[in-house]
$ cat run12.cif   # mmCIF, C-alpha atoms
data_protein
#
loop_
_atom_site.label_atom_id
_atom_site.label_comp_id
_atom_site.auth_asym_id
_atom_site.auth_seq_id
_atom_site.Cartn_x
_atom_site.Cartn_y
_atom_site.Cartn_z
CA MET A 11 0.00 0.00 0.00
CA SER A 12 1.32 3.50 -0.76
CA VAL A 13 0.28 6.82 0.62
CA GLU A 14 0.09 9.70 -1.82
CA PRO A 15 1.38 13.05 -0.65
CA ASN A 16 -1.44 15.10 0.61
CA ASP A 17 -0.97 18.79 0.13
CA GLU A 18 -3.83 19.56 2.41
CA ILE A 19 -1.93 18.21 5.44
CA ARG A 20 -0.04 21.05 6.94
CA ASP A 21 0.80 19.51 10.31
CA PRO A 22 4.53 18.69 10.28
CA VAL A 23 4.06 15.83 12.77
CA LEU A 24 1.56 14.15 10.54
CA GLN A 25 3.77 14.71 7.51
CA ARG A 26 6.71 12.97 9.25
CA ALA A 27 4.47 10.08 10.21
CA ILE A 28 3.33 9.69 6.63
CA ALA A 29 6.89 9.77 5.36
CA GLU A 30 7.86 7.09 7.89
CA LEU A 31 5.03 4.86 6.76
CA GLN A 32 6.07 5.26 3.14
CA ARG A 33 9.65 4.17 3.84
CA PRO A 34 10.36 0.65 2.49
CA VAL A 35 10.69 -1.98 5.22
CA THR A 36 13.86 -4.09 5.14
CA LEU A 37 14.07 -7.26 7.28
CA ASP A 38 17.13 -8.54 8.99
CA ALA A 39 18.42 -11.67 7.16
CA GLU A 40 18.12 -13.86 10.33
CA VAL A 41 14.56 -12.67 10.93
CA GLU A 42 13.67 -13.43 7.32
CA ARG A 43 15.17 -16.97 7.59
CA ARG A 44 13.20 -17.67 10.76
CA ALA A 45 10.02 -16.38 9.14
CA LEU A 46 10.47 -18.66 6.13
CA ASP A 47 11.11 -21.63 8.46
CA ARG A 48 7.84 -20.91 10.23
CA ILE A 49 6.01 -20.77 6.91
CA ARG A 50 7.48 -24.15 5.85
CA ALA A 51 6.46 -25.63 9.21
CA GLY A 52 2.99 -24.27 8.62
CA ALA A 53 2.82 -26.14 5.32
CA GLY A 54 3.60 -29.41 7.24
CA SER A 55 0.70 -28.88 9.62
CA GLY A 56 -1.48 -28.31 6.55
CA ARG A 57 -0.65 -31.82 5.36
CA ARG A 58 -1.60 -33.15 8.80
CA PHE A 59 -4.86 -31.24 8.55
CA GLN A 60 -5.44 -32.79 5.14
CA ARG A 61 -4.94 -36.30 6.61
CA LEU A 62 -7.36 -35.53 9.43
CA ALA A 63 -9.88 -34.27 6.90
CA TRP A 64 -9.66 -37.57 5.00
CA LEU A 65 -10.03 -39.53 8.23
CA GLY A 66 -13.04 -37.43 9.20
CA ALA A 67 -14.62 -37.98 5.80
CA ALA A 68 -14.05 -41.74 6.09
CA LEU A 69 -15.59 -41.77 9.58
CA ALA A 70 -18.58 -39.80 8.34
CA ALA A 71 -19.02 -42.24 5.45
CA GLY A 72 -18.89 -45.19 7.84
CA ILE A 73 -21.42 -43.64 10.19
CA ALA A 74 -23.71 -42.75 7.29
CA PHE A 75 -23.52 -46.38 6.09
CA LEU A 76 -24.49 -47.61 9.55
CA LEU A 77 -27.42 -45.23 9.73
CA VAL A 78 -28.92 -45.54 6.27
CA GLY A 79 -26.89 -48.01 4.28
CA HIS A 80 -28.44 -51.30 5.41
CA PRO A 81 -29.51 -53.27 2.37
CA PRO A 82 -32.92 -54.87 2.72
CA ALA A 83 -32.78 -58.45 3.95
CA PRO A 84 -33.72 -61.08 1.38
CA LYS A 85 -37.22 -62.37 2.02
CA ASN A 86 -37.00 -65.88 0.73
CA PRO A 87 -34.12 -66.51 -1.63
CA PRO A 88 -35.18 -68.94 -4.33
CA MET A 89 -32.51 -71.55 -3.71
CA VAL A 90 -29.75 -71.43 -1.13
CA SER A 91 -27.43 -74.29 -0.38
CA GLY A 92 -28.54 -76.31 2.61
CA THR A 93 -32.23 -75.54 2.07
CA ARG A 94 -35.06 -77.94 1.34
CA PRO A 95 -38.14 -77.33 -0.74
CA VAL A 96 -41.32 -77.15 1.32
CA LEU A 97 -44.76 -77.02 -0.24
CA ILE A 98 -47.23 -74.80 1.60
CA ARG A 99 -50.90 -75.36 0.80
CA LEU A 100 -54.18 -73.97 1.95
CA ALA A 101 -57.66 -74.91 0.78
CA ALA A 102 -59.83 -71.87 1.33
CA PRO A 103 -62.29 -69.77 -0.64
CA ALA A 104 -60.47 -66.53 -1.20
CA SER A 105 -59.45 -64.02 -3.82
CA ARG A 106 -55.87 -63.87 -2.54
CA VAL A 107 -53.78 -65.67 0.06
CA ALA A 108 -50.33 -64.95 1.47
CA VAL A 109 -48.20 -66.77 4.01
CA VAL A 110 -46.19 -64.88 6.62
CA GLY A 111 -43.71 -66.32 9.07
CA ASP A 112 -40.21 -66.49 10.46
CA PHE A 113 -38.93 -67.23 6.95
CA ASN A 114 -40.04 -63.95 5.35
CA ASP A 115 -39.86 -61.43 8.21
CA TRP A 116 -43.64 -61.73 8.63
CA ASP A 117 -44.07 -59.57 5.56
CA PRO A 118 -47.57 -59.97 4.06
CA ALA A 119 -46.32 -58.84 0.66
CA ALA A 120 -43.37 -61.22 0.50
CA THR A 121 -44.91 -64.63 -0.25
CA PRO A 122 -48.26 -64.71 -2.03
CA LEU A 123 -49.73 -68.13 -2.79
CA ARG A 124 -50.83 -69.12 -6.27
CA ARG A 125 -54.29 -70.45 -6.98
CA ALA A 126 -54.27 -74.04 -8.20
CA GLY A 127 -56.36 -75.38 -11.06
CA ASP A 128 -59.28 -76.38 -8.84
CA GLY A 129 -59.81 -72.72 -7.97
CA ALA A 130 -59.93 -73.30 -4.22
CA THR A 131 -56.44 -74.48 -3.35
CA TRP A 132 -53.53 -72.10 -2.85
CA THR A 133 -49.90 -73.19 -2.95
CA VAL A 134 -46.37 -71.87 -2.77
CA GLU A 135 -43.02 -73.62 -2.56
CA LEU A 136 -40.48 -72.32 -0.07
CA HIS A 137 -36.82 -73.22 0.31
CA LEU A 138 -35.94 -73.37 3.97
CA LYS A 139 -32.94 -74.35 6.04
CA PRO A 140 -33.41 -76.97 8.76
CA GLY A 141 -35.17 -75.46 11.73
CA ARG A 142 -38.50 -74.76 13.34
CA TYR A 143 -40.60 -71.97 11.84
CA HIS A 144 -43.79 -70.20 12.86
CA TYR A 145 -46.24 -69.08 10.19
CA THR A 146 -49.82 -68.16 9.44
CA PHE A 147 -51.93 -67.33 6.41
CA LEU A 148 -53.43 -63.99 5.49
CA ILE A 149 -56.64 -64.40 3.51
CA ASP A 150 -57.89 -61.55 1.35
CA GLY A 151 -55.60 -59.17 3.18
CA ARG A 152 -57.75 -59.08 6.31
CA ARG A 153 -58.21 -62.50 7.92
CA TRP A 154 -55.61 -64.66 9.66
CA ALA A 155 -55.84 -68.45 9.49
CA GLY A 156 -53.61 -71.15 10.89
CA ASP A 157 -52.64 -74.14 8.78
CA PRO A 158 -55.22 -76.90 9.31
CA ASP A 159 -52.55 -79.39 8.26
CA GLY A 160 -49.88 -78.09 10.61
CA PRO A 161 -49.36 -78.31 14.36
CA ARG A 162 -50.55 -75.26 16.26
CA ALA A 163 -47.77 -73.27 17.91
CA VAL A 164 -47.67 -73.15 21.68
CA GLU A 165 -45.86 -69.85 21.26
CA SER A 166 -48.87 -68.02 19.82
CA ASP A 167 -48.51 -64.71 21.65
CA PHE A 168 -50.66 -62.29 19.73
CA GLY A 169 -54.09 -63.81 19.42
CA ALA A 170 -53.99 -64.96 15.81
CA PRO A 171 -53.65 -68.69 15.09
CA VAL A 172 -50.02 -69.55 14.36
CA SER A 173 -48.76 -72.90 13.06
CA VAL A 174 -45.32 -74.45 13.24
CA LEU A 175 -43.28 -76.05 10.53
CA THR A 176 -40.25 -78.26 11.18
CA VAL A 177 -37.66 -78.74 8.46
CA SER A 178 -35.11 -81.49 9.03
CA MET B 15 -2.36 -42.50 10.18
CA ARG B 16 -2.55 -46.20 11.07
CA ALA B 17 -4.11 -45.26 14.38
CA GLY B 18 -6.75 -43.30 12.48
CA TRP B 19 -7.78 -46.34 10.47
CA MET B 20 -7.87 -48.43 13.66
CA VAL B 21 -10.29 -45.90 15.14
CA LEU B 22 -12.42 -46.11 11.99
CA LEU B 23 -12.43 -49.92 12.14
CA PHE B 24 -13.35 -49.88 15.82
CA LEU B 25 -16.21 -47.46 15.26
CA THR B 26 -17.50 -49.43 12.29
CA VAL B 27 -17.38 -52.88 13.92
CA GLY B 28 -18.48 -51.64 17.33
CA GLY B 29 -21.23 -49.61 15.73
CA GLN B 30 -22.65 -52.67 13.99
CA ALA B 31 -23.38 -54.27 17.35
CA ARG B 32 -25.16 -51.17 18.57
CA ALA B 33 -26.94 -50.27 15.33
CA GLN B 34 -30.70 -50.65 15.37
CA ASP B 35 -32.05 -53.42 13.19
CA HIS B 36 -33.76 -51.60 10.33
CA ARG B 37 -36.57 -54.18 10.26
CA LEU B 38 -37.57 -53.10 13.75
CA THR B 39 -37.46 -49.41 13.01
CA ASP B 40 -39.29 -49.90 9.72
CA ARG B 41 -42.13 -52.00 11.14
CA LEU B 42 -42.62 -50.94 14.77
CA ASP B 43 -43.32 -47.65 16.44
CA PRO B 44 -40.14 -45.94 17.71
CA ALA B 45 -40.68 -46.71 21.41
CA THR B 46 -41.42 -50.39 20.77
CA ALA B 47 -38.52 -50.72 18.34
CA ALA B 48 -36.15 -49.19 20.89
CA ALA B 49 -37.39 -51.45 23.69
CA VAL B 50 -37.08 -54.56 21.52
CA GLN B 51 -33.63 -53.46 20.37
CA ARG B 52 -32.50 -53.30 24.00
CA VAL B 53 -33.57 -56.91 24.51
CA VAL B 54 -31.81 -57.89 21.27
CA ASP B 55 -28.63 -56.12 22.36
CA SER B 56 -28.77 -57.86 25.72
CA ALA B 57 -29.15 -61.23 24.01
CA ALA B 58 -26.23 -60.48 21.71
CA HIS B 59 -24.12 -59.52 24.70
CA GLU B 60 -24.98 -62.86 26.32
CA GLY B 61 -24.17 -64.78 23.15
CA LEU B 62 -27.78 -65.82 22.57
CA PRO B 63 -29.35 -65.92 19.10
CA THR B 64 -31.02 -62.64 18.24
CA GLU B 65 -32.91 -63.50 15.05
CA PRO B 66 -35.73 -65.36 16.88
CA LEU B 67 -36.27 -62.25 18.99
CA ILE B 68 -36.49 -60.03 15.93
CA GLN B 69 -38.88 -62.46 14.26
CA LYS B 70 -41.08 -62.49 17.36
CA ALA B 71 -41.23 -58.69 17.29
CA LEU B 72 -42.04 -58.67 13.57
CA GLU B 73 -44.74 -61.28 14.17
CA GLY B 74 -46.34 -59.01 16.73
CA GLY B 75 -46.07 -56.01 14.45
CA THR B 76 -47.66 -57.81 11.51
CA LEU B 77 -50.46 -59.25 13.65
CA GLY B 78 -51.25 -55.78 14.99
CA ALA B 79 -50.31 -56.42 18.61
CA PRO B 80 -49.83 -53.45 20.95
CA GLY B 81 -46.26 -52.42 21.64
CA ASP B 82 -46.16 -53.48 25.28
CA ARG B 83 -47.37 -56.93 24.35
CA ILE B 84 -44.67 -57.24 21.71
CA VAL B 85 -41.97 -56.20 24.16
CA TYR B 86 -43.31 -58.65 26.76
CA ALA B 87 -43.31 -61.54 24.26
CA VAL B 88 -39.79 -60.73 23.10
CA GLY B 89 -38.58 -60.51 26.68
CA ALA B 90 -40.19 -63.84 27.53
CA LEU B 91 -38.54 -65.49 24.53
CA HIS B 92 -35.22 -64.01 25.60
CA GLY B 93 -35.62 -65.74 28.95
CA GLN B 94 -36.57 -69.03 27.31
CA LEU B 95 -33.54 -68.88 25.03
CA GLY B 96 -31.35 -68.29 28.07
CA ARG B 97 -32.84 -71.32 29.84
CA ALA B 98 -32.45 -73.38 26.66
CA ARG B 99 -28.78 -72.44 26.46
CA ALA B 100 -28.33 -73.31 30.13
CA ALA B 101 -29.80 -76.75 29.40
CA LEU B 102 -27.98 -77.49 26.12
CA GLY B 103 -24.74 -75.59 26.62
CA GLY B 104 -22.94 -72.92 24.66
CA ARG B 105 -22.20 -75.15 21.68
CA ALA B 106 -25.86 -75.68 20.78
CA SER B 107 -26.85 -74.31 17.38
CA GLU B 108 -29.29 -71.44 16.95
CA ALA B 109 -31.87 -73.82 15.49
CA ASP B 110 -31.52 -76.20 18.44
CA LEU B 111 -31.77 -73.36 20.96
CA THR B 112 -34.84 -71.94 19.27
CA ALA B 113 -36.56 -75.33 19.25
CA ALA B 114 -35.54 -75.92 22.86
CA ALA B 115 -36.97 -72.56 23.91
CA GLY B 116 -40.31 -73.62 22.46
CA ALA B 117 -40.13 -76.93 24.30
CA LEU B 118 -39.50 -75.22 27.63
CA ARG B 119 -42.42 -72.93 26.97
CA ALA B 120 -44.61 -75.97 26.29
CA GLY B 121 -43.79 -77.16 29.81
CA LEU B 122 -41.08 -79.70 29.15
CA PRO B 123 -38.38 -79.88 31.82
CA PRO B 124 -34.78 -78.93 30.95
CA ASP B 125 -33.50 -82.36 31.93
CA ALA B 126 -35.59 -83.94 29.15
CA LEU B 127 -33.66 -81.81 26.67
CA GLN B 128 -30.35 -82.70 28.29
CA ARG B 129 -31.09 -86.43 28.14
CA LEU B 130 -32.09 -86.10 24.50
CA GLN B 131 -28.88 -84.21 23.77
CA SER B 132 -26.73 -86.85 25.43
CA LEU B 133 -28.42 -89.58 23.37
CA ARG B 134 -28.17 -87.70 20.07
CA GLY B 135 -24.50 -86.78 20.41
CA ASP B 136 -23.52 -84.28 17.75
CA ARG B 137 -26.64 -84.77 15.63
CA PRO B 138 -29.08 -81.87 15.36
CA LEU B 139 -31.82 -81.74 17.96
CA VAL B 140 -34.36 -79.68 16.05
CA VAL B 141 -36.63 -82.48 14.86
CA PRO B 142 -36.75 -84.56 18.08
CA ILE B 143 -37.35 -81.45 20.16
CA ALA B 144 -39.99 -80.16 17.75
CA VAL B 145 -41.82 -83.49 17.78
CA LEU B 146 -41.64 -83.60 21.57
CA THR B 147 -43.07 -80.09 21.75
CA ASP B 148 -45.83 -80.82 19.25
CA LEU B 149 -46.87 -83.97 21.10
CA VAL B 150 -47.15 -82.10 24.39
CA ALA B 151 -48.98 -79.23 22.72
CA ASP B 152 -51.37 -81.82 21.27
CA GLY B 153 -52.22 -83.11 24.73
CA VAL B 154 -49.83 -86.01 25.21
CA PRO B 155 -48.59 -86.02 28.83
CA PRO B 156 -45.01 -84.70 28.98
CA ASP B 157 -43.65 -87.84 30.67
CA GLU B 158 -45.15 -90.09 28.01
CA ALA B 159 -44.02 -87.88 25.13
CA THR B 160 -40.52 -87.65 26.57
CA ARG B 161 -40.28 -91.40 27.03
CA SER B 162 -41.34 -92.09 23.42
CA VAL B 163 -38.91 -89.57 21.95
CA LEU B 164 -36.02 -90.70 24.13
CA ASP B 165 -36.65 -94.32 23.11
CA LEU B 166 -36.23 -93.37 19.45
CA ALA B 167 -33.11 -91.35 20.23
CA ARG B 168 -31.66 -94.25 22.22
CA GLU B 169 -32.16 -96.50 19.19
CA GLY B 170 -30.33 -93.99 17.00
CA ARG B 171 -33.34 -93.54 14.74
CA PRO B 172 -33.30 -90.87 11.98
CA ASP B 173 -35.39 -87.69 11.94
CA GLU B 174 -38.07 -89.36 9.81
CA ALA B 175 -38.82 -91.77 12.64
CA PHE B 176 -39.55 -88.86 14.99
CA MET B 177 -41.85 -87.29 12.41
CA ALA B 178 -43.63 -90.61 12.01
CA LEU B 179 -44.07 -90.78 15.78
CA ARG B 180 -45.88 -87.45 15.70
CA GLU B 181 -48.12 -88.53 12.86
CA GLY B 182 -48.78 -91.87 14.55
CA ARG B 183 -50.01 -90.01 17.60
CA GLY B 184 -52.56 -88.24 15.46
CA ALA B 185 -50.87 -84.88 15.59
CA PRO B 186 -51.08 -82.95 12.32
CA SER B 187 -47.93 -83.41 10.32
CA GLY B 188 -47.77 -80.04 8.65
CA PRO B 189 -46.14 -79.30 5.32
CA GLU B 190 -43.48 -81.84 4.51
CA PRO B 191 -40.42 -81.13 2.44
CA GLY B 192 -41.29 -81.99 -1.12
CA GLY B 193 -44.39 -83.84 0.05
CA ARG B 194 -48.06 -83.53 -0.68
CA PRO B 195 -49.92 -83.09 2.58
CA PRO B 196 -53.57 -84.07 2.57
CA LEU B 197 -55.90 -81.22 1.76
CA ARG B 198 -58.62 -80.32 4.18
CA PRO B 199 -60.77 -77.25 4.44
CA ALA B 200 -59.75 -74.81 7.14
CA ALA B 201 -60.59 -76.47 10.47
CA ASP B 202 -60.78 -73.23 12.37
CA PRO B 203 -62.63 -70.15 11.23
CA PRO B 204 -60.16 -67.43 10.35
CA VAL B 205 -59.73 -64.73 12.92
CA ASP B 206 -60.74 -61.29 11.87
CA ARG B 207 -57.81 -58.93 11.86
#
$ encode --input "run12.cif" --output "C-alpha cells"
Amino acid sequence: MSVEPNDEIRDPVLQRAIAELQRPVTLDAEVERRALDRIRAGAGSGRRFQRLAWLGAALAAGIAFLLVGHPPAPKNPPMVSGTRPVLIRLAAPASRVAVVGDFNDWDPAATPLRRAGDGATWTVELHLKPGRYHYTFLIDGRRWAGDPDGPRAVESDFGAPVSVLTVS
Amino acid sequence: MRAGWMVLLFLTVGGQARAQDHRLTDRLDPATAAAVQRVVDSAAHEGLPTEPLIQKALEGGTLGAPGDRIVYAVGALHGQLGRARAALGGRASEADLTAAAGALRAGLPPDALQRLQSLRGDRPLVVPIAVLTDLVADGVPPDEATRSVLDLAREGRPDEAFMALREGRGAPSGPEPGGRPPLRPAADPPVDR
C-alpha cells in the first residue's frame, strides 16, 4: 500500500508520520530466515490437517452407512445351499392368500400363494434351512388363518392362530 | 495415520453391534422398536441368538399387537432362550436353541432336553425337540411324550422316525419337504384382523 502526498496536510508531525510509513521496510536476514522456516512448518501442519480431513470424511461415510446403508434383507431366496423345498398349501375360498412367518420377516407382501387349477387351493413352494418356523396365512388381506394341516404353535402370543413347521 | 484407520475400524465394527435393526425401526413404532432393540442387544451380549427375537417382534407387528405386548413376548422369549442355552450348553446351534426354547415354553423340563442331547451326540436336535413339543402341545402327557422320543433317540433312529411318531399319535404333520400333505378345508374359522 502506498500513501500519496497530501498537500492539504499542513501539520509537520503528521507529515513525518506519513513519510515514515512510506519508507520501504527491510528485514534482517536472520529474521527473514526464521520467518520462512515458520512458513514451511505451517505447510507441514497443513498436510496433517489434510490427513485428518480424509479420516473425518471416512468416519462420516462409515457412520452414514451404519445409519442408512443397510440393504434390505432377502425375504425368501429362491434356492440357497442347505435348504429344502417345502410345499405350503391352503384350501380356502379366497381371492388372494399370502403366508407370513419367520422365513419372510412376517411380511404380508413377500410370499403370495398361487391359486391351483381347482380354484380353491392355494400353494407356494419355499426353500428353507433346517429349523423350526412359525407361520400363518393372510386371507384376502384381512383374515388370519392357521394351517389346518400343521401343528398349532404353543408360542402363539398375539391372538392370531399360528402354526409351526419343522424342516429337518 | 494407522491409528486413524484403527479408530475407523473400531467405530465401524463396534457400531454394527449397537446399530438398530432396520426391520424393527421400519415396522414398529419408535418406542417399541427401541425397547425390543434393548432386549436384542442384551441377548447379543450374552451370546444368545437374536434373530428369533427379531422375528417375534415382527410377528407381533404384523399381527397388529400393541407395543407393550410385543416387548413382553420378546422378553419372555429371551428368557426361554437363556434357559435353553443353560440346558444345552454354549455349543448348541441357533436352530436347536430356538426349538428348545419352544419346548420349555410348552412345559417340558430342561432335563428332558439334556437327556435327549446326550443320546443324540452331535446330531441336530431340532426335529426330536420339535416333535416332543408338538406332542405335548397336542395333549400327550409330557412324561409319556418324553419317554417315546427318548426311546427313538436311544435306538439312533433318523429324523423321519420322529416325524412318524408325531403322525402316529394323530398330531397334524404339517407341510413336509417336497411332500403332498392331505388337503382339508380350514378347520378353524379365520380370525378377523
$ atom_distance --input "run12.cif" --atom1 "atom CA of B:Ala151" --atom2 "atom CA of B:Arg105"
27.1 Å
$ interface_residues --input "run12.cif" --of "chain A" --to "chain B" --cutoff "8 Å" --atoms "all atoms listed in the file" --output "ChimeraX atom specification"
/A:61,65,68-69,72-73,76-77,80,94-102,111-112,115-118,140-142,152-165,167-168,170-171,174-178
$ atom_distance --input "run12.cif" --atom1 "atom CA of B:Arg97" --atom2 "atom CA of B:Asp157"
19.8 Å
$ atom_distance --input "run12.cif" --atom1 "atom CA of B:Gly81" --atom2 "atom CA of B:Leu67"
14.3 Å
$ residues_around --input "run12.cif" --residues "A:Trp132" --least-positions-apart "4" --cutoff "10 Å" --atoms "all atoms listed in the file" --output "PyMOL selection string"
chain A and resi 98-104+106-108+122-128
$ residues_near_point --input "run12.cif" --point "(-46.2, -91.0, 16.9)" --cutoff "10 Å" --atoms "only C-alpha atoms" --output "PDB file with C-alpha atoms, in the frame of the given file"
ATOM      1  CA  VAL B 145     -41.820 -83.490  17.780  1.00  0.00           C
ATOM      2  CA  LEU B 146     -41.640 -83.600  21.570  1.00  0.00           C
ATOM      3  CA  LEU B 149     -46.870 -83.970  21.100  1.00  0.00           C
ATOM      4  CA  ALA B 159     -44.020 -87.880  25.130  1.00  0.00           C
ATOM      5  CA  SER B 162     -41.340 -92.090  23.420  1.00  0.00           C
ATOM      6  CA  VAL B 163     -38.910 -89.570  21.950  1.00  0.00           C
ATOM      7  CA  ALA B 175     -38.820 -91.770  12.640  1.00  0.00           C
ATOM      8  CA  PHE B 176     -39.550 -88.860  14.990  1.00  0.00           C
ATOM      9  CA  MET B 177     -41.850 -87.290  12.410  1.00  0.00           C
ATOM     10  CA  ALA B 178     -43.630 -90.610  12.010  1.00  0.00           C
ATOM     11  CA  LEU B 179     -44.070 -90.780  15.780  1.00  0.00           C
ATOM     12  CA  ARG B 180     -45.880 -87.450  15.700  1.00  0.00           C
ATOM     13  CA  GLU B 181     -48.120 -88.530  12.860  1.00  0.00           C
ATOM     14  CA  GLY B 182     -48.780 -91.870  14.550  1.00  0.00           C
ATOM     15  CA  ARG B 183     -50.010 -90.010  17.600  1.00  0.00           C
ATOM     16  CA  GLY B 184     -52.560 -88.240  15.460  1.00  0.00           C
ATOM     17  CA  ALA B 185     -50.870 -84.880  15.590  1.00  0.00           C
TER      18      ALA B 185
END
$ resolve_selection --input "run12.cif" --expression "the PyMOL selection byres ((chain B and resi 126) around 10)" --output "list in words"
Ala101, Ala117, Leu118, Leu122, Pro123, Pro124, Asp125, Leu127, Gln128, Arg129, Leu130, Gln131, Ile143, Leu146, Pro156, Asp157, Thr160, Arg161, Val163 and Leu164 of chain B
$ residues_around --input "run12.cif" --residues "B:Gly170" --least-positions-apart "5" --cutoff "9 Å" --atoms "all atoms listed in the file" --output "ChimeraX atom specification"
/B:133-134,165
$ resolve_selection --input "run12.cif" --expression "the PyMOL selection byres ((chain A and resi 92) around 6)" --output "PyMOL selection string"
chain A and resi 91+93+139
$ build_atoms --input "run12.cif" --residues "stretch 139-158 of chain A" --atoms "N, CA and C atoms" --output "PDB file, keeping the file's coordinate frame"
ATOM      1  N   LYS A 139     -33.991 -73.615   5.354  1.00  0.00           N
ATOM      2  CA  LYS A 139     -32.940 -74.350   6.040  1.00  0.00           C
ATOM      3  C   LYS A 139     -33.558 -75.163   7.179  1.00  0.00           C
ATOM      4  N   PRO A 140     -32.873 -76.211   7.631  1.00  0.00           N
ATOM      5  CA  PRO A 140     -33.410 -76.970   8.760  1.00  0.00           C
ATOM      6  C   PRO A 140     -33.674 -76.067   9.958  1.00  0.00           C
ATOM      7  N   GLY A 141     -34.816 -76.285  10.580  1.00  0.00           N
ATOM      8  CA  GLY A 141     -35.170 -75.460  11.730  1.00  0.00           C
ATOM      9  C   GLY A 141     -36.663 -75.543  11.983  1.00  0.00           C
ATOM     10  N   ARG A 142     -37.090 -74.779  12.963  1.00  0.00           N
ATOM     11  CA  ARG A 142     -38.500 -74.760  13.340  1.00  0.00           C
ATOM     12  C   ARG A 142     -39.025 -73.354  13.080  1.00  0.00           C
ATOM     13  N   TYR A 143     -40.079 -73.269  12.289  1.00  0.00           N
ATOM     14  CA  TYR A 143     -40.600 -71.970  11.840  1.00  0.00           C
ATOM     15  C   TYR A 143     -42.056 -71.794  12.282  1.00  0.00           C
ATOM     16  N   HIS A 144     -42.414 -70.564  12.564  1.00  0.00           N
ATOM     17  CA  HIS A 144     -43.790 -70.200  12.860  1.00  0.00           C
ATOM     18  C   HIS A 144     -44.365 -69.475  11.647  1.00  0.00           C
ATOM     19  N   TYR A 145     -45.645 -69.729  11.359  1.00  0.00           N
ATOM     20  CA  TYR A 145     -46.240 -69.080  10.190  1.00  0.00           C
ATOM     21  C   TYR A 145     -47.753 -69.046  10.336  1.00  0.00           C
ATOM     22  N   THR A 146     -48.370 -68.208   9.521  1.00  0.00           N
ATOM     23  CA  THR A 146     -49.820 -68.160   9.440  1.00  0.00           C
ATOM     24  C   THR A 146     -50.203 -67.637   8.056  1.00  0.00           C
ATOM     25  N   PHE A 147     -51.453 -67.796   7.711  1.00  0.00           N
ATOM     26  CA  PHE A 147     -51.930 -67.330   6.410  1.00  0.00           C
ATOM     27  C   PHE A 147     -52.723 -66.035   6.572  1.00  0.00           C
ATOM     28  N   LEU A 148     -52.621 -65.201   5.558  1.00  0.00           N
ATOM     29  CA  LEU A 148     -53.430 -63.990   5.490  1.00  0.00           C
ATOM     30  C   LEU A 148     -54.354 -64.126   4.277  1.00  0.00           C
ATOM     31  N   ILE A 149     -55.652 -64.168   4.568  1.00  0.00           N
ATOM     32  CA  ILE A 149     -56.640 -64.400   3.510  1.00  0.00           C
ATOM     33  C   ILE A 149     -57.311 -63.080   3.150  1.00  0.00           C
ATOM     34  N   ASP A 150     -57.273 -62.770   1.873  1.00  0.00           N
ATOM     35  CA  ASP A 150     -57.890 -61.550   1.350  1.00  0.00           C
ATOM     36  C   ASP A 150     -57.401 -60.290   2.058  1.00  0.00           C
ATOM     37  N   GLY A 151     -56.211 -60.347   2.572  1.00  0.00           N
ATOM     38  CA  GLY A 151     -55.600 -59.170   3.180  1.00  0.00           C
ATOM     39  C   GLY A 151     -56.194 -58.729   4.495  1.00  0.00           C
ATOM     40  N   ARG A 152     -57.106 -59.554   5.080  1.00  0.00           N
ATOM     41  CA  ARG A 152     -57.750 -59.080   6.310  1.00  0.00           C
ATOM     42  C   ARG A 152     -58.048 -60.168   7.331  1.00  0.00           C
ATOM     43  N   ARG A 153     -57.899 -61.437   6.970  1.00  0.00           N
ATOM     44  CA  ARG A 153     -58.210 -62.500   7.920  1.00  0.00           C
ATOM     45  C   ARG A 153     -57.007 -63.411   8.097  1.00  0.00           C
ATOM     46  N   TRP A 154     -56.723 -63.760   9.363  1.00  0.00           N
ATOM     47  CA  TRP A 154     -55.610 -64.660   9.660  1.00  0.00           C
ATOM     48  C   TRP A 154     -56.156 -66.071   9.842  1.00  0.00           C
ATOM     49  N   ALA A 155     -55.430 -67.048   9.337  1.00  0.00           N
ATOM     50  CA  ALA A 155     -55.840 -68.450   9.490  1.00  0.00           C
ATOM     51  C   ALA A 155     -54.618 -69.327   9.688  1.00  0.00           C
ATOM     52  N   GLY A 156     -54.678 -70.177  10.695  1.00  0.00           N
ATOM     53  CA  GLY A 156     -53.610 -71.150  10.890  1.00  0.00           C
ATOM     54  C   GLY A 156     -53.702 -72.231   9.818  1.00  0.00           C
ATOM     55  N   ASP A 157     -52.661 -73.058   9.754  1.00  0.00           N
ATOM     56  CA  ASP A 157     -52.640 -74.140   8.780  1.00  0.00           C
ATOM     57  C   ASP A 157     -53.377 -75.343   9.365  1.00  0.00           C
ATOM     58  N   PRO A 158     -54.499 -75.744   8.764  1.00  0.00           N
ATOM     59  CA  PRO A 158     -55.220 -76.900   9.310  1.00  0.00           C
ATOM     60  C   PRO A 158     -54.416 -78.189   9.227  1.00  0.00           C
TER      61      PRO A 158
END
